[in-house]
file target-v9.txt (compact mmCIF, C-alpha atoms)
# COMPACT_ATOMS: atom_id res chain seq x y z
CA MET A 1 209.15 125.97 161.51
CA ALA A 2 209.56 122.60 159.84
CA SER A 3 206.87 121.10 161.99
CA PHE A 4 204.43 123.84 160.99
CA LYS A 5 204.97 123.15 157.28
CA ASP A 6 204.53 119.46 157.88
CA ASN A 7 201.24 120.06 159.61
CA LEU A 8 200.07 122.33 156.80
CA ASN A 9 200.92 119.75 154.15
CA LYS A 10 199.12 117.06 156.07
CA ARG A 11 196.03 119.30 156.34
CA ASN A 12 196.08 120.06 152.59
CA LEU A 13 196.40 116.37 151.77
CA ALA A 14 193.41 115.58 154.00
CA VAL A 15 191.31 118.29 152.30
CA MET A 16 192.28 117.00 148.83
CA ALA A 17 191.45 113.44 149.85
CA ALA A 18 188.05 114.52 151.13
CA THR A 19 187.37 116.46 147.91
CA PHE A 20 188.34 113.51 145.74
CA ALA A 21 186.13 111.21 147.79
CA LEU A 22 183.12 113.54 147.34
CA ALA A 23 183.71 113.75 143.57
CA ALA A 24 183.93 110.00 143.26
CA ALA A 25 180.76 109.56 145.28
CA SER A 26 178.82 111.90 142.94
CA THR A 27 179.76 109.84 139.86
CA LEU A 28 178.77 106.44 141.24
CA PRO A 29 174.95 106.85 140.91
CA ALA A 30 175.23 107.95 137.28
CA LEU A 31 177.55 105.06 136.50
CA SER A 32 175.22 102.64 138.25
CA GLN A 33 172.17 103.98 136.32
CA SER A 34 174.05 103.79 133.02
CA ARG A 35 174.95 100.17 133.61
CA ASP A 36 171.49 99.23 134.82
CA HIS A 37 169.73 100.63 131.73
CA GLY A 38 172.36 99.83 129.14
CA GLY A 39 172.55 103.46 128.00
CA GLY A 40 175.84 104.71 126.34
CA PRO A 41 179.52 103.72 126.73
CA PRO A 42 181.18 103.22 130.13
CA ILE A 43 182.30 106.38 131.93
CA ASP A 44 186.00 106.89 132.56
CA THR A 45 186.37 108.00 136.15
CA GLY A 46 190.12 108.27 135.97
CA GLY A 47 191.95 111.61 136.04
CA GLY A 48 194.08 111.03 132.88
CA GLY A 49 195.00 113.81 130.50
CA ARG A 50 192.80 112.44 127.62
CA ASP A 51 190.21 114.76 126.10
CA HIS A 52 186.62 113.61 126.87
CA GLY A 53 184.87 116.33 124.91
CA GLY A 54 185.19 119.22 127.32
CA GLY A 55 187.43 118.13 130.15
CA GLY A 56 190.45 120.07 128.77
CA GLY A 57 192.86 117.37 130.04
CA ASP A 58 192.78 118.77 133.56
CA GLY A 59 191.43 115.64 135.21
CA GLY A 60 187.69 116.64 134.91
CA HIS A 61 184.99 113.97 134.51
CA ASN A 62 182.48 113.92 131.64
CA VAL A 63 179.25 112.39 133.08
CA GLN A 64 176.35 111.57 130.70
CA PRO A 65 172.86 112.49 131.86
CA PRO A 66 170.63 109.56 132.91
CA VAL A 67 168.50 107.95 130.12
CA TYR A 68 164.75 108.24 130.69
CA VAL A 69 162.89 105.00 130.17
CA PRO A 70 159.05 105.40 130.17
CA PRO A 71 157.24 103.06 132.53
CA GLU A 72 155.49 100.08 130.97
CA VAL A 73 151.74 100.71 130.82
CA THR A 74 149.50 97.71 131.41
CA PRO A 75 146.34 97.84 129.22
CA PRO A 76 143.05 97.86 131.11
CA HIS A 77 141.35 94.54 131.59
CA LEU A 78 138.44 94.21 129.17
CA PRO A 79 135.77 91.49 129.22
CA PRO A 80 136.07 88.95 126.42
CA ILE A 81 134.02 89.66 123.29
CA LEU A 82 131.69 86.75 122.64
CA PRO A 83 130.26 86.14 119.14
CA LEU A 84 126.58 86.98 118.77
CA PRO A 85 124.25 84.02 118.27
CA PRO A 86 122.52 83.78 114.89
CA PRO A 87 119.14 85.57 114.75
CA THR A 88 116.10 83.46 115.38
CA ASP A 89 113.26 84.00 112.94
CA THR A 90 110.01 83.44 114.82
CA LYS A 91 107.96 84.11 111.71
CA THR A 92 109.34 81.27 109.64
CA PRO A 93 106.33 79.30 108.38
CA ILE A 94 106.03 75.53 108.65
CA PHE A 95 105.97 74.12 105.14
CA VAL A 96 103.68 71.25 104.26
CA PRO A 97 105.78 68.25 103.14
CA THR A 98 103.60 67.84 100.03
CA ASP A 99 103.92 71.49 98.98
CA VAL A 100 104.69 71.16 95.26
CA THR A 101 105.12 74.86 94.57
CA ASN A 102 107.64 75.58 97.31
CA PRO A 103 110.53 73.11 97.13
CA ALA A 104 113.33 73.44 99.69
CA GLN A 105 113.43 77.08 100.67
CA THR A 106 116.99 76.78 102.00
CA LEU A 107 120.13 75.37 100.43
CA GLY A 108 123.01 75.04 102.89
CA ASN A 109 123.51 78.45 104.48
CA LEU A 110 121.57 80.26 101.76
CA SER A 111 118.12 81.63 102.49
CA PHE A 112 115.47 83.17 100.31
CA PRO A 113 113.33 86.25 101.06
CA GLY A 114 110.15 84.23 100.52
CA ILE A 115 110.77 82.27 103.71
CA ASN A 116 109.17 85.04 105.79
CA LEU A 117 105.91 84.98 103.86
CA PRO A 118 102.76 83.70 105.62
CA THR A 119 101.85 80.10 104.86
CA ALA A 120 98.70 79.34 102.88
CA MET A 121 97.59 76.86 105.55
CA SER A 122 96.82 79.80 107.84
CA GLY A 123 93.80 80.56 105.66
CA LEU A 124 92.13 77.16 106.22
CA ILE A 125 89.75 76.54 109.15
CA PRO A 126 88.76 72.87 109.75
CA LEU A 127 85.11 72.41 110.75
CA LYS A 128 82.88 69.58 111.89
CA ILE A 129 80.34 68.12 109.47
CA ASN A 130 77.38 69.47 111.46
CA GLU A 131 78.82 73.01 111.16
CA PHE A 132 77.88 73.21 107.50
CA PRO A 133 74.54 75.11 107.27
CA LYS A 134 71.39 73.42 106.04
CA GLU A 135 69.36 74.79 103.17
CA GLU A 136 65.84 75.64 104.27
CA ASP A 137 63.47 76.37 101.43
CA GLY A 138 60.95 79.19 101.64
CA LYS A 139 62.46 81.10 104.58
CA ASP A 140 64.86 83.31 102.61
CA LYS A 141 63.53 85.12 99.55
CA GLY A 142 67.04 85.78 98.28
CA GLU A 143 66.40 89.48 97.60
CA TRP A 144 70.04 90.33 98.31
CA VAL A 145 71.62 87.26 96.75
CA LEU A 146 73.40 88.41 93.59
CA VAL A 147 74.68 85.85 91.06
CA ARG A 148 76.85 86.78 88.09
CA ALA A 149 78.22 84.20 85.62
CA GLU A 150 81.02 84.18 83.07
CA GLN A 151 80.30 83.67 79.41
CA ASP A 152 79.60 80.04 78.41
CA THR A 153 78.85 79.10 82.02
CA ARG A 154 76.20 76.41 82.47
CA TYR A 155 74.24 76.70 85.69
CA THR A 156 70.69 76.71 87.06
CA ARG A 157 68.96 78.34 90.04
CA PRO A 158 66.58 75.86 91.70
CA SER A 159 65.73 78.49 94.29
CA PRO A 160 66.51 82.17 94.95
CA ILE A 161 69.35 81.18 97.30
CA SER A 162 70.84 78.19 95.47
CA VAL A 163 72.90 77.65 92.33
CA GLU A 164 73.79 74.37 90.61
CA LEU A 165 77.03 74.90 88.70
CA SER A 166 77.92 72.44 85.93
CA VAL A 167 80.72 74.20 84.01
CA GLY A 168 82.14 77.71 84.20
CA ALA A 169 82.42 80.32 86.94
CA VAL A 170 79.96 82.32 89.05
CA LEU A 171 80.29 85.21 91.48
CA VAL A 172 77.86 84.94 94.40
CA SER A 173 77.28 87.87 96.73
CA VAL A 174 75.07 87.85 99.86
CA ARG A 175 73.97 90.95 101.76
CA ARG A 176 71.56 91.33 104.61
CA PRO A 177 68.66 90.79 105.10
CA SER A 178 69.52 87.65 103.08
CA GLN A 179 71.36 85.09 105.19
CA THR A 180 72.97 82.34 103.10
CA ALA A 181 73.41 81.27 99.48
CA PHE A 182 74.49 77.81 98.27
CA VAL A 183 76.43 76.64 95.22
CA LYS A 184 76.31 72.94 94.37
CA THR A 185 78.99 71.19 92.31
CA GLU A 186 79.89 67.59 91.52
CA LEU A 187 82.48 67.56 94.31
CA GLY A 188 80.39 69.21 97.03
CA LYS A 189 78.64 72.36 98.23
CA VAL A 190 79.69 75.90 99.03
CA ALA A 191 77.81 78.10 101.52
CA ILE A 192 78.23 81.89 101.36
CA MET A 193 76.80 83.71 104.36
CA ALA A 194 75.71 87.32 104.81
CA ASN A 195 78.22 90.06 103.85
CA GLY A 196 80.33 87.59 101.91
CA ASP A 197 81.45 87.42 98.28
CA ALA A 198 82.93 84.33 96.65
CA ILE A 199 83.88 83.09 93.21
CA ILE A 200 83.29 79.41 92.40
CA LYS A 201 84.76 77.83 89.26
CA ASN A 202 84.14 74.33 87.91
CA SER A 203 86.19 73.07 84.95
CA ASP A 204 88.33 70.10 83.98
CA ASP A 205 87.20 68.04 87.01
CA VAL A 206 88.51 70.75 89.36
CA ILE A 207 86.53 73.21 91.47
CA ARG A 208 87.99 76.48 92.80
CA VAL A 209 86.48 78.53 95.65
CA MET A 210 87.84 82.03 96.32
CA ASN A 211 86.75 83.98 99.39
CA ILE A 212 87.00 87.67 98.50
CA ASP A 213 85.77 89.44 101.63
CA GLY A 214 83.79 87.05 103.83
CA LEU A 215 84.98 87.42 107.43
CA GLY A 216 85.31 84.62 109.96
CA LYS A 217 83.62 81.45 108.71
CA SER A 218 81.40 83.17 106.14
CA VAL A 219 82.55 80.90 103.28
CA ARG A 220 82.24 77.19 104.09
CA ILE A 221 82.94 74.22 101.83
CA LYS A 222 81.72 70.66 102.14
CA LEU A 223 83.67 68.19 99.98
CA GLU A 224 81.56 65.05 99.58
CA GLY A 225 82.02 63.87 95.98
CA GLY A 226 84.73 62.08 94.02
CA PRO A 227 87.64 61.15 96.34
CA PHE A 228 85.82 62.75 99.31
CA VAL A 229 82.87 60.36 99.50
CA GLY A 230 81.76 58.78 102.77
CA SER A 231 84.27 58.86 105.61
CA ASP A 232 86.56 61.12 103.55
CA THR A 233 84.01 63.97 103.55
CA LYS A 234 85.62 67.20 104.68
CA VAL A 235 84.14 70.51 105.87
CA VAL A 236 86.36 73.60 105.99
CA ALA A 237 86.07 77.38 106.04
CA LEU A 238 88.21 79.90 104.18
CA LYS A 239 89.54 83.22 105.39
CA PRO A 240 89.32 86.22 103.04
CA GLY A 241 92.10 86.30 100.46
CA PHE A 242 92.43 82.50 100.27
CA GLU A 243 91.15 79.89 97.83
CA LEU A 244 90.55 76.15 97.95
CA VAL A 245 91.27 74.00 94.91
CA ALA A 246 89.88 70.44 94.86
CA GLY A 247 89.78 67.85 92.09
CA LYS A 248 88.35 64.48 91.19
CA ARG A 249 91.95 63.65 90.21
CA LEU A 250 95.35 64.51 91.61
CA LEU A 251 96.08 68.18 91.14
CA LYS A 252 98.64 69.45 88.64
CA ARG A 253 100.82 72.53 88.84
CA ILE A 254 98.61 74.35 86.32
CA ASP A 255 95.65 73.81 88.67
CA LEU A 256 97.43 75.73 91.43
CA LYS A 257 98.62 78.60 89.23
CA PRO A 258 96.20 79.12 86.34
CA LYS A 259 96.81 81.87 83.80
CA ASP A 260 93.97 84.12 84.91
CA GLY A 261 95.98 87.24 85.83
CA ILE A 262 95.42 86.83 89.59
CA GLY A 263 98.49 86.97 91.83
CA ARG A 264 98.98 83.91 94.04
CA ARG A 265 101.57 82.68 96.52
CA LYS A 266 102.31 79.84 98.93
CA ALA A 267 100.25 77.00 97.48
CA SER A 268 100.11 74.06 99.92
CA VAL A 269 98.78 70.66 98.83
CA VAL A 270 96.57 68.76 101.29
CA LEU A 271 94.25 65.75 101.43
CA LYS A 272 96.61 63.34 99.68
CA GLY A 273 97.11 65.62 96.69
CA TYR A 274 93.42 66.06 95.83
CA ALA A 275 93.15 69.55 97.32
CA ALA A 276 95.31 72.64 97.84
CA ILE A 277 95.21 76.03 99.55
CA ASN A 278 96.35 79.24 97.86
CA GLN A 279 96.66 82.82 99.02
CA PHE A 280 95.65 85.29 96.34
CA SER A 281 95.81 89.05 95.94
CA VAL A 282 92.39 90.72 96.11
CA ASP A 283 93.82 93.76 94.32
CA THR A 284 94.83 91.72 91.26
CA LEU A 285 91.49 89.87 91.31
CA MET A 286 89.59 93.14 91.06
CA GLN A 287 91.77 94.14 88.10
CA SER A 288 91.86 90.80 86.23
CA CYS A 289 88.70 88.84 87.01
CA ASP A 290 86.10 89.20 84.25
CA LEU A 291 83.25 88.78 86.74
CA VAL A 292 84.41 91.69 88.89
CA VAL A 293 85.22 93.86 85.87
CA ALA A 294 81.70 93.27 84.55
CA ILE A 295 80.21 94.38 87.89
CA ASN A 296 82.41 97.46 87.87
CA GLN A 297 80.89 98.52 84.57
CA LYS A 298 77.41 98.63 86.17
CA VAL A 299 78.11 101.60 88.41
CA THR A 300 74.42 102.56 88.64
CA GLY A 301 73.31 99.45 90.53
CA VAL A 302 73.01 99.75 94.30
CA LYS A 303 74.01 96.13 94.86
CA GLU A 304 76.99 96.42 92.54
CA ARG A 305 78.29 99.56 94.25
CA ARG A 306 78.01 97.93 97.65
CA ILE A 307 79.83 94.79 96.49
CA LEU A 308 82.70 96.78 94.97
CA SER A 309 82.96 98.96 98.07
CA ASP A 310 83.24 95.92 100.35
CA MET A 311 85.85 94.31 98.07
CA SER A 312 87.96 97.46 98.05
CA LYS A 313 87.80 97.77 101.84
CA MET A 314 88.78 94.14 102.30
CA ALA A 315 91.74 94.53 99.94
CA ALA A 316 92.97 97.47 102.02
CA VAL A 317 92.50 95.59 105.31
CA ILE A 318 94.36 92.51 104.04
CA ASN A 319 97.26 94.66 102.84
CA MET A 320 97.43 96.40 106.20
CA MET A 321 97.38 93.17 108.24
CA ASP A 322 99.60 91.18 105.90
CA GLY A 323 103.16 90.70 107.16
CA ALA A 324 104.50 91.00 103.59
CA PRO A 325 101.96 93.01 101.55
CA GLY A 326 102.36 92.55 97.83
CA GLN A 327 105.45 90.35 98.18
CA GLY A 328 105.78 86.89 96.70
CA PHE A 329 102.63 86.96 94.56
CA VAL A 330 103.10 85.34 91.15
CA ARG A 331 100.74 86.81 88.60
CA GLU A 332 100.36 84.83 85.40
CA THR A 333 99.54 86.84 82.26
CA ASN A 334 95.87 87.11 81.39
CA PHE A 335 96.00 87.35 77.61
CA LYS A 336 92.24 87.38 77.15
CA LEU A 337 91.69 90.34 79.47
CA ALA A 338 94.67 92.26 78.05
CA GLN A 339 93.30 91.95 74.51
CA SER A 340 89.82 93.03 75.55
CA GLN A 341 91.24 96.11 77.27
CA ASP A 342 93.30 96.99 74.22
CA LYS A 343 90.21 96.85 71.98
CA LYS A 344 88.29 98.95 74.45
CA THR A 345 90.86 101.74 74.41
CA GLN A 346 91.01 101.97 70.60
call {"tool": "encode", "arguments": {"input": "target-v9.txt", "output": "structure tokens"}}
result
Amino acid sequence: MASFKDNLNKRNLAVMAATFALAAASTLPALSQSRDHGGGPPIDTGGGGRDHGGGGGDGGHNVQPPVYVPPEVTPPHLPPILPLPPPTDTKTPIFVPTDVTNPAQTLGNLSFPGINLPTAMSGLIPLKINEFPKEEDGKDKGEWVLVRAEQDTRYTRPSPISVELSVGAVLVSVRRPSQTAFVKTELGKVAIMANGDAIIKNSDDVIRVMNIDGLGKSVRIKLEGGPFVGSDTKVVALKPGFELVAGKRLLKRIDLKPKDGIGRRKASVVLKGYAAINQFSVDTLMQSCDLVVAINQKVTGVKERRILSDMSKMAAVINMMDGAPGQGFVRETNFKLAQSQDKKTQ
């Protein structure tokens, strides 16, 4: 009987030992995870009678749930962002070093809107001396050569196709079947070919030639007087919307921008300061030039209507082809024309 009880006690002790071992094994992973992640206080695995918040003092174990730590996300690899290079302006004009009306267009990193405007030198076409036409008397009757002069202008007409201008301003227009008209001044000659209109002014030892609508090389200038004598003789052509200013003396700022009400921009001085190229607005010329205004008043003449029609068409074409239409033109006040218009409206 005693041996049976001893065997039963030994079996119960073995079962209790196995149960305790299984309980201890279940708490080790939680304890290991808690220590690895630093989460919460250490867990008491003993069987004491202290209250652990729910054990009841019966030897139960209070095990905290494992702490979830989100995995570390590596950001995607992106290519490096390189700074964009500064824009390259392919339309920036080349300024003539002797340009007296356009001093440095840039100061440090500052830029001005006018830098994108076309240069006046683009309106000048160099020619050879033999490319200036010769005047042949008797072949052209000059039936479609129209000459209009400002008040107080002194000039003569040696032939139907030629004008000798002493002082003042003339408007010369040539239409087919006429071929060429010539204007002679003390500094040289101007040839206006068919379907071309030009204004020539001579005052204060300075001549001014303005090509209004002559295409290609229709307006040609031969400078052969004053500082252009001999080997310094120059022959050039003007594109429509450009003017050549030449003087017996060095040009002044007032010579490049006279107060005639015509908008101009981008004056470039050439030929050692004795000549300059301007771009002018044909629109403002038709509004401010006394010679054109006088023609506009004669609306009944066939020649006058044709001249005004060609001028208007050329103004529209230049505005359409211009990279900066209407921009940069400086229009000096024309007091004389403004007063005459005021009297006319009263």
call {"tool": "residues_around", "arguments": {"input": "target-v9.txt", "residues": "A:Pro158", "least_positions_apart": "3", "cutoff": "12 Å", "atoms": "all atoms listed in the file", "output": "PyMOL selection string"}}
result
chain A and resi 135+137-138+142+155+161-165+181-184
call {"tool": "closest_residue", "arguments": {"input": "target-v9.txt", "among": "A:Glu332, A:Asp152, A:Asp232, A:Glu143", "to": "A:Arg264", "atoms": "only C-alpha atoms"}}
result
A:Glu332
call {"tool": "closest_residue", "arguments": {"input": "target-v9.txt", "among": "A:Trp144, A:Phe280, A:Tyr274, A:Phe329", "to": "A:Asp205", "atoms": "all atoms listed in the file"}}
result
A:Tyr274
call {"tool": "closest_residue", "arguments": {"input": "target-v9.txt", "among": "A:Gln279, A:Ser268, A:Ser218, A:Asn211", "to": "A:Ala194", "atoms": "all atoms listed in the file"}}
result
A:Ser218
call {"tool": "residues_around", "arguments": {"input": "target-v9.txt", "residues": "A:Leu285", "least_positions_apart": "2", "cutoff": "12 Å", "atoms": "all atoms listed in the file", "output": "PDB file with C-alpha atoms, in the frame of the given file"}}
result
ATOM      1  CA  ALA A 198      82.930  84.330  96.650  1.00  0.00           C
ATOM      2  CA  ILE A 199      83.880  83.090  93.210  1.00  0.00           C
ATOM      3  CA  MET A 210      87.840  82.030  96.320  1.00  0.00           C
ATOM      4  CA  ASN A 211      86.750  83.980  99.390  1.00  0.00           C
ATOM      5  CA  ILE A 212      87.000  87.670  98.500  1.00  0.00           C
ATOM      6  CA  ASP A 213      85.770  89.440 101.630  1.00  0.00           C
ATOM      7  CA  GLY A 241      92.100  86.300 100.460  1.00  0.00           C
ATOM      8  CA  PHE A 242      92.430  82.500 100.270  1.00  0.00           C
ATOM      9  CA  GLU A 243      91.150  79.890  97.830  1.00  0.00           C
ATOM     10  CA  ASP A 260      93.970  84.120  84.910  1.00  0.00           C
ATOM     11  CA  GLY A 261      95.980  87.240  85.830  1.00  0.00           C
ATOM     12  CA  ILE A 262      95.420  86.830  89.590  1.00  0.00           C
ATOM     13  CA  GLY A 263      98.490  86.970  91.830  1.00  0.00           C
ATOM     14  CA  ARG A 264      98.980  83.910  94.040  1.00  0.00           C
ATOM     15  CA  GLN A 279      96.660  82.820  99.020  1.00  0.00           C
ATOM     16  CA  PHE A 280      95.650  85.290  96.340  1.00  0.00           C
ATOM     17  CA  SER A 281      95.810  89.050  95.940  1.00  0.00           C
ATOM     18  CA  VAL A 282      92.390  90.720  96.110  1.00  0.00           C
ATOM     19  CA  ASP A 283      93.820  93.760  94.320  1.00  0.00           C
ATOM     20  CA  GLN A 287      91.770  94.140  88.100  1.00  0.00           C
ATOM     21  CA  SER A 288      91.860  90.800  86.230  1.00  0.00           C
ATOM     22  CA  CYS A 289      88.700  88.840  87.010  1.00  0.00           C
ATOM     23  CA  ASP A 290      86.100  89.200  84.250  1.00  0.00           C
ATOM     24  CA  LEU A 291      83.250  88.780  86.740  1.00  0.00           C
ATOM     25  CA  VAL A 292      84.410  91.690  88.890  1.00  0.00           C
ATOM     26  CA  VAL A 293      85.220  93.860  85.870  1.00  0.00           C
ATOM     27  CA  LEU A 308      82.700  96.780  94.970  1.00  0.00           C
ATOM     28  CA  MET A 311      85.850  94.310  98.070  1.00  0.00           C
ATOM     29  CA  SER A 312      87.960  97.460  98.050  1.00  0.00           C
ATOM     30  CA  ALA A 315      91.740  94.530  99.940  1.00  0.00           C
ATOM     31  CA  PHE A 329     102.630  86.960  94.560  1.00  0.00           C
ATOM     32  CA  ARG A 331     100.740  86.810  88.600  1.00  0.00           C
ATOM     33  CA  GLU A 332     100.360  84.830  85.400  1.00  0.00           C
ATOM     34  CA  ASN A 334      95.870  87.110  81.390  1.00  0.00           C
ATOM     35  CA  LEU A 337      91.690  90.340  79.470  1.00  0.00           C
TER      36      LEU A 337
END
call {"tool": "residues_around", "arguments": {"input": "target-v9.txt", "residues": "A:Arg249", "least_positions_apart": "2", "cutoff": "12 Å", "atoms": "only C-alpha atoms", "output": "PyMOL selection string"}}
result
chain A and resi 187+204-207+225-228+245-247+251-252+255+271-275
call {"tool": "atom_distance", "arguments": {"input": "target-v9.txt", "atom1": "atom CA of A:Leu256", "atom2": "atom CA of A:Ile129"}}
result
26.0 Å
call {"tool": "atom_distance", "arguments": {"input": "target-v9.txt", "atom1": "atom CA of A:Phe132", "atom2": "atom CA of A:Lys201"}}
result
20.0 Å
